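Inspection log for the structure reproduced underneath, given as C-alpha cells.
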Amino acid sequence: MKLVLAIVDREDVTELMKALAEEKIRVTKFATTGGFLKSGNATLISGVEDYEINKVINIISKISRKKENVASELNARHGRATIFVLNIEQFEKF
C-alpha cells in the first residue's frame, strides 16, 4: 500500500477530485499555500494499492498541465502538481 501526497494548483483541484472519484480513488483535500510562489493550492492525500499508483499519477499529470508563470522574474515554467509516493507499513479503516 502507498500514500500519495499531491500538491496541486487550486484551479485544477475540482476536476482532479472528480476524475479520481470516477476511478474509485478516495481522496482527502487540505487547502494549502505554496512557499515559493505564494499561490493557493491544495494538498490531496490518498491511500492506494501498489497497482493503482500509475493510474493515480496519470490522472494527476493529465489534469495538472504545465502553465507559464508570468509572475516569476525568471519567467520559468512551473508545474501545477508535485507528487510524493510513500510506502505504508500499516493501514486501518474503521
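Chains: A, B, ... in order of the C-alpha cells. Residues: from 1 per chain. Ligands: from 1, in order shown.
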
Test item: residues at most 9 Å from Thr28 of chain A, only C-alpha atoms, excluding those fewer than 6 positions along its chain, as number ranges by chain: A: 43-46

Contacts of Val27 of chain A within 12 Å, only C-alpha atoms, excl. fewer than 5 positions in-chain, as a PDB file with N, CA and C atoms, in the first residue's frame:
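Dumped everything to result-v5.pdb:
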ATOM      1  N   LEU A   3       0.965   5.752   0.169  1.00  0.00           N
ATOM      2  CA  LEU A   3       0.299   7.012   0.489  1.00  0.00           C
ATOM      3  C   LEU A   3       0.736   8.014  -0.561  1.00  0.00           C
ATOM      4  N   VAL A   4      -0.233   8.581  -1.265  1.00  0.00           N
ATOM      5  CA  VAL A   4       0.050   9.582  -2.280  1.00  0.00           C
ATOM      6  C   VAL A   4      -0.253  10.954  -1.689  1.00  0.00           C
ATOM      7  N   LEU A   5       0.744  11.832  -1.732  1.00  0.00           N
ATOM      8  CA  LEU A   5       0.571  13.238  -1.364  1.00  0.00           C
ATOM      9  C   LEU A   5       0.752  14.030  -2.649  1.00  0.00           C
ATOM     10  N   ALA A   6      -0.270  14.740  -3.050  1.00  0.00           N
ATOM     11  CA  ALA A   6      -0.194  15.521  -4.283  1.00  0.00           C
ATOM     12  C   ALA A   6      -0.532  16.979  -3.970  1.00  0.00           C
ATOM     13  N   VAL A  13      -8.084  21.488  -8.781  1.00  0.00           N
ATOM     14  CA  VAL A  13      -8.475  20.545  -7.730  1.00  0.00           C
ATOM     15  C   VAL A  13      -9.873  19.956  -7.934  1.00  0.00           C
ATOM     16  N   THR A  14     -10.842  20.739  -8.357  1.00  0.00           N
ATOM     17  CA  THR A  14     -12.208  20.221  -8.532  1.00  0.00           C
ATOM     18  C   THR A  14     -12.251  19.155  -9.619  1.00  0.00           C
ATOM     19  N   LEU A  16      -9.752  17.443 -10.752  1.00  0.00           N
ATOM     20  CA  LEU A  16      -8.914  16.326 -10.327  1.00  0.00           C
ATOM     21  C   LEU A  16      -9.642  15.417  -9.351  1.00  0.00           C
ATOM     22  N   MET A  17     -10.308  15.983  -8.371  1.00  0.00           N
ATOM     23  CA  MET A  17     -11.041  15.164  -7.405  1.00  0.00           C
ATOM     24  C   MET A  17     -12.174  14.404  -8.075  1.00  0.00           C
ATOM     25  N   LYS A  18     -12.827  15.019  -9.049  1.00  0.00           N
ATOM     26  CA  LYS A  18     -13.897  14.341  -9.786  1.00  0.00           C
ATOM     27  C   LYS A  18     -13.329  13.154 -10.577  1.00  0.00           C
ATOM     28  N   ALA A  19     -12.204  13.368 -11.235  1.00  0.00           N
ATOM     29  CA  ALA A  19     -11.597  12.296 -12.030  1.00  0.00           C
ATOM     30  C   ALA A  19     -11.143  11.141 -11.139  1.00  0.00           C
ATOM     31  N   LEU A  20     -10.581  11.436  -9.989  1.00  0.00           N
ATOM     32  CA  LEU A  20     -10.163  10.386  -9.067  1.00  0.00           C
ATOM     33  C   LEU A  20     -11.375   9.640  -8.513  1.00  0.00           C
ATOM     34  N   ALA A  21     -12.440  10.354  -8.189  1.00  0.00           N
ATOM     35  CA  ALA A  21     -13.658   9.718  -7.669  1.00  0.00           C
ATOM     36  C   ALA A  21     -14.267   8.773  -8.709  1.00  0.00           C
ATOM     37  N   GLU A  22     -14.216   9.162  -9.978  1.00  0.00           N
ATOM     38  CA  GLU A  22     -14.745   8.305 -11.044  1.00  0.00           C
ATOM     39  C   GLU A  22     -13.982   6.985 -11.121  1.00  0.00           C
ATOM     40  N   ALA A  42      -3.874  23.076  -3.225  1.00  0.00           N
ATOM     41  CA  ALA A  42      -4.497  22.084  -2.350  1.00  0.00           C
ATOM     42  C   ALA A  42      -3.557  20.903  -2.254  1.00  0.00           C
ATOM     43  N   THR A  43      -3.556  20.277  -1.091  1.00  0.00           N
ATOM     44  CA  THR A  43      -2.797  19.046  -0.909  1.00  0.00           C
ATOM     45  C   THR A  43      -3.800  17.910  -0.781  1.00  0.00           C
ATOM     46  N   LEU A  44      -3.675  16.947  -1.673  1.00  0.00           N
ATOM     47  CA  LEU A  44      -4.548  15.782  -1.670  1.00  0.00           C
ATOM     48  C   LEU A  44      -3.771  14.601  -1.104  1.00  0.00           C
ATOM     49  N   ILE A  45      -4.424  13.834  -0.236  1.00  0.00           N
ATOM     50  CA  ILE A  45      -3.798  12.607   0.268  1.00  0.00           C
ATOM     51  C   ILE A  45      -4.727  11.434  -0.011  1.00  0.00           C
ATOM     52  N   SER A  46      -4.110  10.310  -0.320  1.00  0.00           N
ATOM     53  CA  SER A  46      -4.895   9.121  -0.626  1.00  0.00           C
ATOM     54  C   SER A  46      -4.062   7.877  -0.361  1.00  0.00           C
ATOM     55  N   GLY A  47      -4.661   6.906   0.268  1.00  0.00           N
ATOM     56  CA  GLY A  47      -4.035   5.598   0.428  1.00  0.00           C
ATOM     57  C   GLY A  47      -4.500   4.706  -0.699  1.00  0.00           C
ATOM     58  N   VAL A  48      -3.565   4.184  -1.475  1.00  0.00           N
ATOM     59  CA  VAL A  48      -3.921   3.359  -2.632  1.00  0.00           C
ATOM     60  C   VAL A  48      -3.070   2.100  -2.663  1.00  0.00           C
ATOM     61  N   VAL A  56      -3.168   6.710 -10.666  1.00  0.00           N
ATOM     62  CA  VAL A  56      -3.311   7.972  -9.941  1.00  0.00           C
ATOM     63  C   VAL A  56      -2.379   9.029 -10.518  1.00  0.00           C
TER      64      VAL A  56
END

9 Å contact set for Lys2 of chain A, only C-alpha atoms, chain neighbours under 6 positions out, as a PyMOL selection string: chain A and resi 46-50+53+85-89

Distance query Ile7 of chain A at most 10 Å, only C-alpha atoms, self and fewer than 3 positions along chain excluded, as a list of chain:residue names: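 After dropping sequence-adjacent residues, the list is A:Val4, A:Arg10, A:Val13, A:Lys29, A:Phe30, A:Ala31, A:Thr32, A:Thr33, A:Gly34, A:Asn41, A:Ala42, A:Thr43, A:Leu44, A:Ile45, A:Ile60, A:Arg80, A:Ala81, A:Thr82, A:Ile83, A:Phe84.
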
Atom pair atom CA of Glu15 of chain A / atom CA of Phe91 of chain A: separation (Å):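 About the pair atom CA of Glu15 of chain A and atom CA of Phe91 of chain A: they are 27.2 Å apart.
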